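Enquirer: Contents of target_32.csv (CSV, C-alpha atoms) are below:
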```
chain,number,residue,atom,x,y,z
R,1,MET,CA,16.9,-132.4,-72.4
R,2,ASP,CA,14.4,-130.2,-74.2
R,3,THR,CA,15.9,-128.2,-77.1
R,4,ASN,CA,14.3,-124.9,-75.9
R,5,VAL,CA,16.0,-125.3,-72.5
R,6,ILE,CA,19.4,-125.9,-74.0
R,7,ILE,CA,19.0,-122.8,-76.2
R,8,ALA,CA,18.0,-120.6,-73.2
R,9,ILE,CA,21.1,-121.9,-71.3
R,10,VAL,CA,23.3,-121.0,-74.2
R,11,VAL,CA,21.8,-117.5,-74.5
R,12,VAL,CA,22.3,-116.8,-70.8
R,13,VAL,CA,25.9,-118.0,-70.9
R,14,VAL,CA,26.6,-115.7,-74.0
R,15,ILE,CA,25.0,-112.7,-72.3
R,16,ALA,CA,27.0,-113.3,-69.1
R,17,ALA,CA,30.2,-113.6,-71.2
R,18,LEU,CA,29.4,-110.4,-73.0
R,19,LEU,CA,28.8,-108.5,-69.7
R,20,ALA,CA,32.0,-109.8,-68.3
R,21,ILE,CA,34.0,-108.8,-71.3
R,22,GLY,CA,32.3,-105.3,-71.3
R,23,GLY,CA,33.1,-104.7,-67.7
R,24,TRP,CA,36.7,-105.7,-68.2
R,25,TRP,CA,37.0,-103.4,-71.2
R,26,PHE,CA,35.3,-100.4,-69.4
R,27,GLY,CA,37.6,-100.8,-66.3
R,28,LYS,CA,40.7,-100.9,-68.6
R,29,SER,CA,39.6,-97.7,-70.4
R,30,ARG,CA,38.8,-95.9,-67.2
R,31,LYS,CA,42.2,-96.8,-65.7
R,32,SER,CA,43.9,-95.6,-68.9
R,33,ALA,CA,42.1,-92.3,-68.6
R,34,VAL,CA,43.0,-91.8,-64.9
R,35,ASP,CA,46.6,-92.7,-65.7
R,36,LYS,CA,46.7,-90.1,-68.5
R,37,SER,CA,45.1,-87.4,-66.2
R,38,THR,CA,47.6,-88.2,-63.5
R,39,GLU,CA,50.5,-88.0,-65.9
R,40,ALA,CA,49.3,-84.6,-67.2
R,41,ALA,CA,48.9,-83.2,-63.6
R,42,LYS,CA,52.3,-84.5,-62.7
R,43,ALA,CA,53.8,-82.9,-65.8
R,44,LYS,CA,52.1,-79.6,-65.0
R,45,ALA,CA,53.4,-79.7,-61.4
R,46,ASP,CA,56.9,-80.5,-62.5
R,47,ALA,CA,56.8,-77.5,-64.9
R,48,ARG,CA,55.6,-75.2,-62.1
R,49,LEU,CA,58.3,-76.4,-59.7
R,50,ALA,CA,60.9,-76.0,-62.4
R,51,THR,CA,59.8,-72.4,-63.0
R,52,GLU,CA,59.9,-71.6,-59.3
R,53,LYS,CA,63.3,-73.1,-59.0
R,54,SER,CA,64.6,-71.1,-61.9
R,55,ALA,CA,63.2,-67.9,-60.3
R,56,ALA,CA,64.8,-68.7,-57.0
R,57,GLN,CA,68.1,-69.3,-58.6
R,58,SER,CA,67.8,-65.9,-60.5
R,59,ALA,CA,67.0,-64.1,-57.2
R,60,ALA,CA,69.9,-65.7,-55.4
R,61,ALA,CA,72.2,-64.8,-58.3
R,62,SER,CA,71.0,-61.1,-58.1
R,63,ALA,CA,71.5,-61.0,-54.4
R,64,GLU,CA,75.0,-62.4,-54.7
R,65,ASN,CA,75.8,-59.8,-57.4
R,66,ALA,CA,74.4,-57.0,-55.2
R,67,GLU,CA,76.5,-58.2,-52.3
R,68,LYS,CA,79.6,-58.4,-54.4
R,69,THR,CA,78.9,-54.8,-55.7
R,70,LYS,CA,78.5,-53.6,-52.1
R,71,GLU,CA,81.7,-55.2,-51.0
R,72,THR,CA,83.5,-53.7,-53.9
R,73,ALA,CA,82.2,-50.2,-53.1
R,74,GLU,CA,83.1,-50.6,-49.4
R,75,SER,CA,86.5,-51.8,-50.4
R,76,ALA,CA,87.0,-48.8,-52.6
R,77,THR,CA,85.8,-46.4,-49.8
R,78,SER,CA,88.1,-48.0,-47.2
R,79,SER,CA,91.1,-47.8,-49.6
R,80,ALA,CA,90.7,-44.0,-49.8
R,81,THR,CA,93.5,-42.0,-48.0
R,82,PRO,CA,92.7,-40.7,-44.5
R,83,GLU,CA,93.3,-37.1,-45.6
R,84,SER,CA,90.6,-37.4,-48.2
R,85,PRO,CA,87.5,-35.3,-47.3
R,86,VAL,CA,85.4,-37.7,-49.3
R,87,ALA,CA,86.2,-40.5,-47.0
R,88,THR,CA,85.7,-38.5,-43.7
R,89,GLU,CA,82.5,-36.6,-44.6
R,90,PRO,CA,79.2,-38.4,-44.0
R,91,THR,CA,77.0,-39.0,-47.1
R,92,PRO,CA,74.3,-36.3,-47.6
R,93,VAL,CA,71.5,-38.8,-48.3
R,94,GLY,CA,70.3,-39.2,-44.7
R,95,SER,CA,70.3,-35.4,-44.0
R,96,ALA,CA,68.3,-34.7,-47.1
R,97,VAL,CA,65.6,-37.2,-46.1
R,98,THR,CA,65.5,-35.7,-42.6
R,99,GLU,CA,65.1,-32.2,-43.9
R,100,SER,CA,62.3,-33.2,-46.3
R,101,ALA,CA,60.5,-35.0,-43.5
R,102,THR,CA,60.6,-32.0,-41.2
R,103,PRO,CA,57.7,-29.5,-41.8
R,104,ALA,CA,58.8,-26.1,-42.9
R,105,VAL,CA,58.4,-23.4,-40.3
R,106,GLU,CA,57.0,-20.1,-41.7
R,107,THR,CA,58.6,-16.7,-41.0
R,108,PRO,CA,55.8,-14.3,-39.9
R,109,GLU,CA,55.7,-10.7,-41.2
R,110,ALA,CA,57.2,-8.1,-38.9
R,111,ALA,CA,55.0,-5.8,-36.9
R,112,GLY,CA,56.4,-2.7,-38.6
R,113,THR,CA,55.4,-3.9,-42.0
R,114,ARG,CA,51.9,-4.8,-40.8
R,115,MET,CA,51.4,-1.2,-39.5
R,116,GLN,CA,52.4,0.2,-42.9
R,117,ARG,CA,49.6,-1.9,-44.4
R,118,LEU,CA,47.0,-0.6,-41.8
R,119,LYS,CA,46.3,2.7,-43.6
R,120,ALA,CA,46.2,1.2,-47.1
R,121,ARG,CA,43.8,-1.6,-45.9
R,122,LEU,CA,41.4,0.8,-44.1
R,123,SER,CA,41.3,3.2,-47.1
R,124,LYS,CA,40.0,0.4,-49.3
R,125,SER,CA,37.7,-1.1,-46.6
R,126,GLY,CA,34.0,-0.6,-45.8
R,127,ASN,CA,34.8,2.2,-43.3
R,128,PRO,CA,33.5,5.3,-45.2
R,129,PHE,CA,32.2,7.4,-42.3
R,130,GLY,CA,35.3,9.6,-42.3
R,131,ARG,CA,34.9,10.4,-46.0
R,132,ALA,CA,31.2,10.9,-45.5
R,133,LEU,CA,31.9,13.4,-42.7
R,134,PHE,CA,34.4,15.3,-44.8
R,135,ASN,CA,32.0,15.6,-47.8
R,136,ILE,CA,29.4,17.2,-45.5
R,137,LEU,CA,31.8,19.5,-43.7
R,138,ALA,CA,33.5,20.7,-46.8
R,139,LYS,CA,30.3,22.5,-47.9
R,140,ASP,CA,30.1,26.3,-47.6
R,141,GLN,CA,27.8,27.7,-44.9
R,142,LEU,CA,26.6,24.5,-43.2
R,143,SER,CA,22.9,24.4,-42.4
R,144,GLU,CA,21.2,22.8,-39.4
R,145,SER,CA,20.2,19.9,-41.7
R,146,ASP,CA,23.9,19.4,-42.5
R,147,TRP,CA,24.8,19.2,-38.9
R,148,GLU,CA,22.1,16.6,-38.3
R,149,ASP,CA,23.6,14.6,-41.2
R,150,VAL,CA,26.9,14.8,-39.5
R,151,GLU,CA,25.5,13.4,-36.3
R,152,ASP,CA,23.5,10.7,-38.1
R,153,THR,CA,26.7,9.6,-39.9
R,154,LEU,CA,28.5,9.2,-36.6
R,155,LEU,CA,25.7,7.3,-35.0
R,156,LEU,CA,25.5,4.9,-38.0
R,157,ALA,CA,29.2,4.3,-37.8
R,158,ASP,CA,28.8,3.2,-34.1
R,159,VAL,CA,30.7,6.1,-32.7
R,160,GLY,CA,28.2,6.1,-29.9
R,161,ALA,CA,25.6,8.8,-28.8
R,162,GLU,CA,27.8,10.6,-26.2
R,163,ALA,CA,30.9,10.7,-28.4
R,164,SER,CA,28.9,11.8,-31.4
R,165,GLU,CA,27.3,14.7,-29.6
R,166,GLN,CA,30.8,15.7,-28.2
R,167,LEU,CA,32.3,15.6,-31.7
R,168,VAL,CA,29.5,17.6,-33.3
R,169,GLU,CA,29.8,20.3,-30.7
R,170,GLU,CA,33.5,20.6,-31.1
R,171,LEU,CA,33.2,20.8,-34.9
R,172,ARG,CA,30.6,23.5,-34.7
R,173,ASN,CA,32.9,25.6,-32.6
R,174,ASP,CA,35.9,25.1,-34.9
R,175,ALA,CA,36.6,28.3,-36.9
R,176,ARG,CA,38.2,26.2,-39.7
R,177,ILE,CA,34.8,24.7,-40.6
R,178,ALA,CA,32.6,27.8,-40.2
R,179,GLY,CA,31.9,30.1,-43.2
R,180,GLN,CA,33.8,29.6,-46.5
R,181,SER,CA,35.4,26.2,-45.9
R,182,ASP,CA,38.9,25.3,-47.2
R,183,PRO,CA,38.9,21.6,-47.8
R,184,ALA,CA,42.4,21.2,-46.5
R,185,GLU,CA,41.6,23.0,-43.3
R,186,VAL,CA,38.3,21.0,-42.9
R,187,ARG,CA,40.3,17.7,-43.3
R,188,ALA,CA,42.9,18.9,-40.7
R,189,ALA,CA,40.2,19.9,-38.2
R,190,LEU,CA,38.3,16.6,-38.7
R,191,LYS,CA,41.5,14.6,-38.3
R,192,ASP,CA,42.4,16.5,-35.1
R,193,LYS,CA,39.0,15.9,-33.5
R,194,LEU,CA,38.8,12.2,-34.5
R,195,LEU,CA,42.4,11.6,-33.2
R,196,LYS,CA,41.4,13.2,-29.9
R,197,LEU,CA,38.4,10.8,-29.6
R,198,VAL,CA,40.4,7.7,-30.6
R,199,GLY,CA,43.2,8.7,-28.2
R,200,THR,CA,46.8,9.3,-29.2
R,201,ASP,CA,48.4,9.3,-25.7
R,202,THR,CA,47.1,5.9,-24.7
R,203,ASP,CA,49.6,3.2,-24.1
R,204,ARG,CA,48.5,0.4,-26.4
R,205,ARG,CA,51.5,-1.9,-26.0
R,206,LEU,CA,50.8,-5.5,-24.9
R,207,ASN,CA,51.9,-5.9,-21.3
R,208,ALA,CA,54.3,-8.6,-22.5
R,209,ASP,CA,56.2,-5.9,-24.4
R,210,LYS,CA,56.6,-3.5,-21.5
R,211,GLU,CA,59.7,-3.0,-19.5
R,212,GLY,CA,59.9,-5.3,-16.5
R,213,ALA,CA,57.2,-7.7,-17.9
R,214,ASN,CA,56.9,-11.1,-16.2
R,215,LYS,CA,58.4,-14.1,-17.9
R,216,PRO,CA,56.5,-16.0,-18.9
R,217,SER,CA,53.9,-13.3,-19.5
R,218,VAL,CA,50.4,-14.8,-19.6
R,219,ILE,CA,47.7,-13.6,-22.0
R,220,ILE,CA,44.1,-14.9,-21.7
R,221,MET,CA,41.9,-14.5,-24.8
R,222,VAL,CA,38.2,-14.1,-24.2
R,223,GLY,CA,35.2,-13.4,-26.4
R,224,VAL,CA,32.0,-14.9,-27.8
R,225,ASN,CA,32.4,-17.8,-30.2
R,226,GLY,CA,32.3,-16.6,-33.8
R,227,THR,CA,34.2,-13.4,-33.2
R,228,GLY,CA,37.4,-15.0,-34.4
R,229,LYS,CA,38.9,-15.6,-30.9
R,230,THR,CA,40.8,-18.8,-31.6
R,231,THR,CA,42.0,-17.4,-35.0
R,232,THR,CA,43.1,-14.2,-33.3
R,233,ALA,CA,45.1,-16.3,-30.7
R,234,GLY,CA,46.9,-18.0,-33.5
R,235,LYS,CA,47.6,-14.8,-35.3
R,236,LEU,CA,48.8,-13.2,-32.1
R,237,SER,CA,51.3,-16.1,-31.6
R,238,ARG,CA,52.7,-15.3,-35.1
R,239,LEU,CA,53.0,-11.6,-34.3
R,240,LEU,CA,54.9,-12.4,-31.1
R,241,VAL,CA,57.2,-14.9,-32.9
R,242,SER,CA,58.0,-12.2,-35.5
R,243,GLU,CA,59.3,-10.1,-32.6
R,244,GLY,CA,61.7,-12.9,-31.6
R,245,LYS,CA,59.6,-14.2,-28.6
R,246,GLN,CA,59.3,-17.8,-27.6
R,247,VAL,CA,55.5,-18.5,-27.4
R,248,MET,CA,53.3,-21.3,-26.1
R,249,LEU,CA,49.6,-21.8,-26.7
R,250,GLY,CA,47.1,-23.3,-24.2
R,251,ALA,CA,43.9,-24.8,-25.7
R,252,ALA,CA,41.4,-24.2,-22.9
R,253,ASP,CA,38.4,-23.9,-25.2
R,254,THR,CA,37.4,-27.5,-24.7
R,255,PHE,CA,33.7,-26.8,-25.4
R,256,ARG,CA,34.2,-26.4,-29.2
R,257,ALA,CA,35.6,-29.7,-30.5
R,258,ALA,CA,37.7,-28.2,-33.3
R,259,ALA,CA,39.2,-25.4,-31.3
R,260,ALA,CA,42.3,-27.3,-30.1
R,261,ASP,CA,42.9,-28.7,-33.5
R,262,GLN,CA,42.6,-25.2,-35.0
R,263,LEU,CA,45.1,-23.8,-32.5
R,264,GLU,CA,47.5,-26.7,-33.2
R,265,THR,CA,47.4,-25.9,-36.9
R,266,TRP,CA,48.3,-22.2,-36.2
R,267,GLY,CA,51.1,-23.2,-33.8
R,268,ALA,CA,52.6,-25.8,-36.1
R,269,LYS,CA,53.2,-23.2,-38.9
R,270,VAL,CA,55.5,-21.1,-36.7
R,271,GLY,CA,56.9,-23.8,-34.4
R,272,VAL,CA,54.8,-22.8,-31.4
R,273,PRO,CA,53.9,-25.8,-29.0
R,274,VAL,CA,50.2,-26.2,-27.9
R,275,VAL,CA,49.1,-27.7,-24.6
R,276,ARG,CA,45.8,-29.4,-25.0
R,277,SER,CA,43.6,-32.1,-23.4
R,278,ASP,CA,43.5,-35.6,-24.9
R,279,LYS,CA,39.7,-35.6,-24.8
R,280,ASP,CA,37.0,-33.2,-25.8
R,281,GLY,CA,34.9,-31.6,-23.1
R,282,ALA,CA,37.7,-31.7,-20.5
R,283,ASP,CA,37.8,-29.1,-17.6
R,284,PRO,CA,39.2,-25.9,-19.2
R,285,ALA,CA,40.8,-24.8,-15.9
R,286,SER,CA,42.8,-28.1,-15.8
R,287,VAL,CA,44.2,-27.3,-19.3
R,288,ALA,CA,45.0,-23.7,-18.2
R,289,PHE,CA,46.8,-25.1,-15.1
R,290,GLU,CA,48.8,-27.6,-17.1
R,291,ALA,CA,49.7,-25.0,-19.8
R,292,SER,CA,50.9,-22.4,-17.2
R,293,ALA,CA,53.0,-25.1,-15.4
R,294,LYS,CA,54.5,-26.2,-18.7
R,295,ALA,CA,55.2,-22.5,-19.7
R,296,LYS,CA,56.9,-21.9,-16.4
R,297,GLU,CA,59.0,-25.1,-16.7
R,298,GLU,CA,60.2,-24.2,-20.2
R,299,ASN,CA,60.6,-20.5,-19.3
R,300,VAL,CA,58.9,-19.3,-22.5
R,301,ASP,CA,58.4,-15.5,-23.1
R,302,VAL,CA,54.6,-15.6,-23.6
R,303,LEU,CA,51.8,-18.0,-22.8
R,304,ILE,CA,48.5,-17.4,-24.7
R,305,ILE,CA,45.5,-19.2,-23.3
R,306,ASP,CA,42.4,-19.6,-25.5
R,307,THR,CA,39.1,-19.9,-23.7
R,308,ALA,CA,35.5,-20.9,-24.6
R,309,GLY,CA,33.2,-18.2,-25.7
R,310,ARG,CA,29.8,-19.6,-25.0
R,311,LEU,CA,27.3,-17.3,-23.2
R,312,GLN,CA,24.9,-19.8,-21.5
R,313,ASN,CA,24.4,-17.3,-18.7
R,314,LYS,CA,26.3,-14.6,-17.0
R,315,ALA,CA,26.9,-16.6,-13.8
R,316,ASN,CA,28.2,-19.6,-15.7
R,317,LEU,CA,30.6,-17.5,-17.7
R,318,MET,CA,31.9,-15.7,-14.6
R,319,ASP,CA,32.5,-19.0,-12.7
R,320,GLU,CA,34.4,-20.6,-15.6
R,321,LEU,CA,36.6,-17.7,-16.5
R,322,GLY,CA,37.2,-16.8,-12.9
R,323,LYS,CA,38.3,-20.4,-12.2
R,324,ILE,CA,40.6,-20.4,-15.3
R,325,ARG,CA,42.3,-17.2,-14.0
R,326,ARG,CA,42.6,-18.5,-10.4
R,327,VAL,CA,44.2,-21.8,-11.3
R,328,THR,CA,46.6,-20.2,-13.8
R,329,GLU,CA,47.7,-17.7,-11.1
R,330,LYS,CA,48.8,-20.7,-8.9
R,331,ASN,CA,51.7,-21.0,-11.4
R,332,LEU,CA,52.0,-17.6,-13.1
R,333,PRO,CA,50.5,-14.2,-12.7
R,334,VAL,CA,48.0,-13.2,-15.5
R,335,ASP,CA,49.4,-10.1,-17.2
R,336,GLU,CA,46.8,-9.5,-19.9
R,337,VAL,CA,43.2,-10.4,-20.7
R,338,LEU,CA,42.3,-9.5,-24.3
R,339,LEU,CA,38.7,-9.3,-25.4
R,340,VAL,CA,38.1,-10.2,-29.0
R,341,LEU,CA,35.2,-8.3,-30.6
R,342,ASP,CA,33.8,-8.6,-34.1
R,343,ALA,CA,33.8,-5.1,-35.5
R,344,THR,CA,31.0,-5.9,-37.9
R,345,THR,CA,28.6,-6.4,-34.9
R,346,GLY,CA,29.0,-2.8,-33.8
R,347,GLN,CA,26.9,-1.7,-30.8
R,348,ASN,CA,25.3,-5.2,-30.7
R,349,GLY,CA,28.5,-6.6,-29.3
R,350,MET,CA,28.8,-4.0,-26.6
R,351,THR,CA,26.5,-5.8,-24.1
R,352,GLN,CA,28.4,-9.0,-24.5
R,353,ALA,CA,31.7,-7.1,-24.1
R,354,LYS,CA,30.5,-5.7,-20.8
R,355,VAL,CA,29.6,-9.2,-19.5
R,356,PHE,CA,33.1,-10.4,-20.2
R,357,ALA,CA,34.7,-7.3,-18.7
R,358,GLU,CA,32.8,-8.0,-15.5
R,359,ALA,CA,33.5,-11.7,-15.5
R,360,ILE,CA,37.3,-11.6,-15.7
R,361,GLY,CA,38.5,-8.0,-16.0
R,362,ILE,CA,40.0,-7.1,-19.4
R,363,THR,CA,43.1,-5.1,-20.1
R,364,GLY,CA,42.6,-4.5,-23.8
R,365,VAL,CA,40.5,-5.1,-26.9
R,366,VAL,CA,41.2,-6.8,-30.2
R,367,LEU,CA,38.8,-5.7,-33.0
R,368,SER,CA,38.6,-8.5,-35.6
R,369,LYS,CA,37.2,-7.9,-39.2
R,370,LEU,CA,37.7,-4.2,-39.0
R,371,ASP,CA,38.4,-4.0,-42.7
R,372,GLY,CA,34.9,-5.4,-43.5
R,373,SER,CA,32.9,-3.1,-41.4
R,374,ALA,CA,31.2,0.2,-42.2
R,375,LYS,CA,31.1,0.7,-38.4
R,376,GLY,CA,34.7,1.8,-37.7
R,377,GLY,CA,33.4,4.1,-35.0
R,378,ILE,CA,33.3,1.1,-32.8
R,379,VAL,CA,36.9,1.8,-32.0
R,380,ILE,CA,35.8,5.0,-30.2
R,381,SER,CA,32.7,3.7,-28.5
R,382,VAL,CA,34.3,0.4,-27.2
R,383,GLN,CA,37.1,2.4,-25.5
R,384,LYS,CA,34.7,4.8,-24.0
R,385,GLU,CA,32.3,2.1,-22.7
R,386,LEU,CA,34.9,-0.4,-21.4
R,387,GLY,CA,37.7,2.1,-20.3
R,388,VAL,CA,40.4,0.0,-21.9
R,389,PRO,CA,42.3,0.6,-25.2
R,390,VAL,CA,42.0,-1.1,-28.5
R,391,LYS,CA,45.4,-2.8,-28.7
R,392,LEU,CA,45.2,-4.9,-31.9
R,393,VAL,CA,43.0,-4.9,-35.0
R,394,GLY,CA,42.3,-7.6,-37.6
R,395,LEU,CA,42.4,-6.3,-41.1
R,396,GLY,CA,41.9,-9.4,-43.3
R,397,GLU,CA,41.8,-13.1,-43.6
R,398,GLY,CA,45.6,-13.6,-44.1
R,399,PRO,CA,47.7,-15.2,-41.3
R,400,ASP,CA,49.6,-11.9,-40.7
R,401,ASP,CA,46.6,-9.6,-40.9
R,402,LEU,CA,46.6,-8.8,-37.2
R,403,ALA,CA,48.4,-5.5,-36.4
R,404,PRO,CA,49.0,-3.3,-33.4
R,405,PHE,CA,46.4,-0.5,-33.5
R,406,ASP,CA,47.8,2.8,-34.8
R,407,PRO,CA,45.4,5.7,-34.2
R,408,GLU,CA,46.9,8.0,-36.8
R,409,GLY,CA,47.0,5.2,-39.4
R,410,PHE,CA,43.3,4.4,-38.5
R,411,VAL,CA,42.1,8.0,-38.9
R,412,ASP,CA,44.2,8.6,-42.1
R,413,GLY,CA,42.6,5.4,-43.5
R,414,ILE,CA,39.0,6.3,-42.8
R,415,LEU,CA,39.6,9.9,-44.2
R,416,ALA,CA,41.5,8.7,-47.4
```
Let's see the structure in the file written out as structure tokens.
Expert:
Amino acid sequence: MDTNVIIAIVVVVVIAALLAIGGWWFGKSRKSAVDKSTEAAKAKADARLATEKSAAQSAAASAENAEKTKETAESATSSATPESPVATEPTPVGSAVTESATPAVETPEAAGTRMQRLKARLSKSGNPFGRALFNILAKDQLSESDWEDVEDTLLLADVGAEASEQLVEELRNDARIAGQSDPAEVRAALKDKLLKLVGTDTDRRLNADKEGANKPSVIIMVGVNGTGKTTTAGKLSRLLVSEGKQVMLGAADTFRAAAADQLETWGAKVGVPVVRSDKDGADPASVAFEASAKAKEENVDVLIIDTAGRLQNKANLMDELGKIRRVTEKNLPVDEVLLVLDATTGQNGMTQAKVFAEAIGITGVVLSKLDGSAKGGIVISVQKELGVPVKLVGLGEGPDDLAPFDPEGFVDGILA
């Protein structure tokens, strides 16, 4: 055999042997690495399981100790003598939690205290027309120009043209104002004349407060949105609660989305329930019907129904308010319809007031925001135009700033 062939065969055999040895060695090394990795993972898993087992044993031991402690406490309690008050009285823990979970019900301010604040609030308010009149009339020998100023002051205060002319004529003929004027006599004369215009003999009580009032007595609140109608309904509920009456509210203003929520907030503060629809835009008359049925069932003293104040057109308003009244009267007679007017709008609100008066027939007026108005004469003109008394006035933003209207307090306030 050729030498070269023999050498080639040997080389091939050596290379094959080397490859076989290399493969065997690589496989052995890889197996060793895998075995080491497996052992490490197993050790790690064993450590985790040991930790979890230890934690479980600790928890079980804690639970067992707690159970033993509880059994010991129960044993000690049961071993107490029957005569012991400690053993017979319930623990106060549950009652404390109940009391803290129950929302606190506020105690509204009494009506008498509110009326005492009427004069003070008005004297500090923007109702200066009484003082302006006094400053003019206190002059000696009033000129024609002074009398024109008196009339202008009354007109600017929204007393109304007819009432202003009547007051000026009466003041001209009052001997206490002619000639050398005594300020005290001028003030007395002006007070007498203003009281006469405001009306001191008018019965301003809510019908719910009168003898022989129906029970439940129903009050429907009407007025343009923005006058504070819903807020006034809430404040009125507080006033009635302060007099010891059981009150219910009906949220029949379904046109304004937040009206029912607003009413519920007012009611919750003094424990007054609110009947409302589950959905926005429901039929207001259906809410009024449900509220009157509920009030009759629970025999509350007063039901106050809040209504929508939109003025899309006169016919629409008449139809809706008329329907609310009719369906309410299927369950209960309507004793009172209160028109809420914003005193700051003055004569501008009179046209709207007349529309509401024609739509549903009103029994009284609530003047909101009277303390922020320079047009306090609206009290005189609204009574003269509508033929119904001002029964309540709003004198601030506080929850108890709705008060029964007091003519003497009003006049004293604007003259202070």
Enquirer: Which residue gives the smallest distance to Ile219 in chain R among R:Ala295, R:Val5, R:Ala163, R:Val355, with only C-alpha atoms counted?
Expert: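 Nearest candidate to Ile219 in chain R out of R:Ala295, R:Val5, R:Ala163, R:Val355: R:Ala295.
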Enquirer: So that I can see what lies close to Ser237 in chain R, please list as a VMD selection string the residues with an atom at most 8 Å from it, counting only C-alpha atoms and leaving out residues fewer than 6 positions away in the same chain.
Expert: chain R and resid 247 to 249 267 272 304
Enquirer: What does the file look like for those residues with C-alpha atoms, as a PDB file, in the frame of the given file?
Expert:
```pdb
ATOM      1  CA  VAL R 247      55.500 -18.500 -27.400  1.00  0.00           C
ATOM      2  CA  MET R 248      53.300 -21.300 -26.100  1.00  0.00           C
ATOM      3  CA  LEU R 249      49.600 -21.800 -26.700  1.00  0.00           C
ATOM      4  CA  GLY R 267      51.100 -23.200 -33.800  1.00  0.00           C
ATOM      5  CA  VAL R 272      54.800 -22.800 -31.400  1.00  0.00           C
ATOM      6  CA  ILE R 304      48.500 -17.400 -24.700  1.00  0.00           C
TER       7      ILE R 304
END
```
Enquirer: Find the residue from R:Val270, R:Val13, R:Ala359, R:Leu19 that sits nearest to Val241 in chain R; use only C-alpha atoms when measuring.
Expert: R:Val270
Enquirer: Restricting the calculation to all atoms listed in the file, which member of R:Gly387, R:Gly396, R:Gly130, R:Gly199 is positioned closest to Leu367 in chain R?
Expert: R:Gly396
Enquirer: Near range 324-337 of chain R, within 8 Å and counting all atoms listed in the file, which residues show up once chain neighbours fewer than 2 positions away are dropped, as a ChimeraX atom specification?
Expert: /R:206-208,214,216-222,284-286,288-289,292-293,296,320-322,339,360-364
Enquirer: Which of these residues is nearest to Lys294 in chain R, using only C-alpha atoms: R:Gly409, R:Glu243, R:Gly22, R:Val274?
Expert: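 Checking each candidate against Lys294 in chain R, we get R:Val274 as the closest.
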Enquirer: Could you name the residues that touch Ser242 in chain R at 10 Å or less, counting only C-alpha atoms, but leaving out those on the same chain fewer than 2 positions away, as a ChimeraX atom specification?
Expert: /R:107-111,236-240,244-246,270,400
Enquirer: May I ask which of the residues R:Val105, R:Ala20, R:Ile414, R:Leu156 is the closest one to Trp266 in chain R, counting only C-alpha atoms?
Expert: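 The answer is R:Val105, which sits nearest to Trp266 in chain R.
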Enquirer: Nearest to Val379 in chain R: which of R:Asp280, R:Asp158, R:Glu297, R:Asp149 is it, counting only C-alpha atoms?
Expert: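 Of all the options, R:Asp158 lies closest to Val379 in chain R.
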Enquirer: Just to confirm, what's the straight-line distance from CA of Gln262 in chain R to CA of Thr231 in chain R in Å (one decimal)?
Expert: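 Atom-to-atom, CA of Gln262 in chain R and CA of Thr231 in chain R are spaced 7.8 Å apart.
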Enquirer: By how many Å are CA of Gln116 in chain R and CA of Val300 in chain R apart?
Expert: 29.0 Å
Enquirer: Interatomic distance between CA of Trp147 in chain R and CA of Arg172 in chain R?
Expert: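 So the answer is 8.4 Å.
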